[in-house]
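Below is one structure; the comments refer to it alone.
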Amino acid sequence: MSPYIKAAKVVVWLTQLGLSVLVPLAGFILLGAYLRNSRGWGDWVVLVGIALGLLGAGGGLINGFRTLQRLADDDPKTKGSNRHD
């Protein structure tokens with residue numbers, strides 16, 4: 001495999017990891033801020049949004065590291081298998 005293809009795979013993986021951590025965090029915080037401003041809910045809803053966003057970002061980070069571990073595994077028996085961790 002070409003080194004350029006390997007580098008491209010790493011860049012794509014890092015982009016996906018960044019988005020899977022950033023999007024839940026930003027989305028829940030923005031949703032909390034929207035509900036506070038438009039519906040008149042208290043500041044507590046933003047704190048709930050932060051907590052839910054951190055949980056979602058943590059889940060995305062864990063899944064990303066599992067994928068990285070699977071990609072780094074050089075065992076030919078597990079290459080291409082349909083493993084669900």
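Naming works like this for the structure tokens: A, B, ... for the chains as they're shown, residue 1 at the start of each chain, ligands 1 onward in shown order.
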Just the residues within 10 Å of segment 54-63 of chain A, please, counting only C-alpha atoms, with nothing from its chain fewer than 6 positions along; format it as a list of chain:residue names.
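Near segment 54-63 of chain A, the qualifying residues are A:Gln16, A:Leu17, A:Gly18, A:Leu19, A:Ser20, A:Val21, A:Leu22, A:Val23, A:Pro24, A:Leu25, A:Ala26, A:Gly27, A:Phe28, A:Ile29, A:Val48, A:Gln69, A:Asp85.
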Near Lys6 of chain A, within 12 Å and counting only C-alpha atoms, which residues show up once chain neighbours fewer than 5 positions away are dropped, as a ChimeraX atom specification?
/A:1,11-13,71-72
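When only C-alpha atoms are used to compute distances to Leu14 of chain A, the closest of the residues A:Arg70, A:Ser2, A:Ala33, A:Gly64 turns out to be A:Gly64.
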Just list as JSON, numbers by chain whatever in chain A DSSP marks as alpha helix (DSSP H).
{"A": [3, 4, 5, 6, 7, 8, 9, 10, 11, 12, 13, 14, 15, 16, 17, 18, 19, 20, 21, 22, 23, 24, 25, 26, 27, 28, 29, 30, 31, 32, 33, 34, 35, 36, 37, 38, 39, 44, 45, 46, 47, 48, 49, 50, 51, 52, 53, 54, 55, 56, 57, 58, 59, 60, 61, 62, 63, 64, 65, 66, 67, 68, 69, 70, 71, 72]}
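Atom pair atom CA of Thr15 of chain A / atom CA of Val46 of chain A: separated by 26.8 Å.
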Just give me the gap between atom CA of Gly32 of chain A and atom CA of Gly49 of chain A in Å, one decimal is fine.
5.1 Å
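In this structure, atom CA of Val45 of chain A sits 8.8 Å away from atom CA of Leu31 of chain A.
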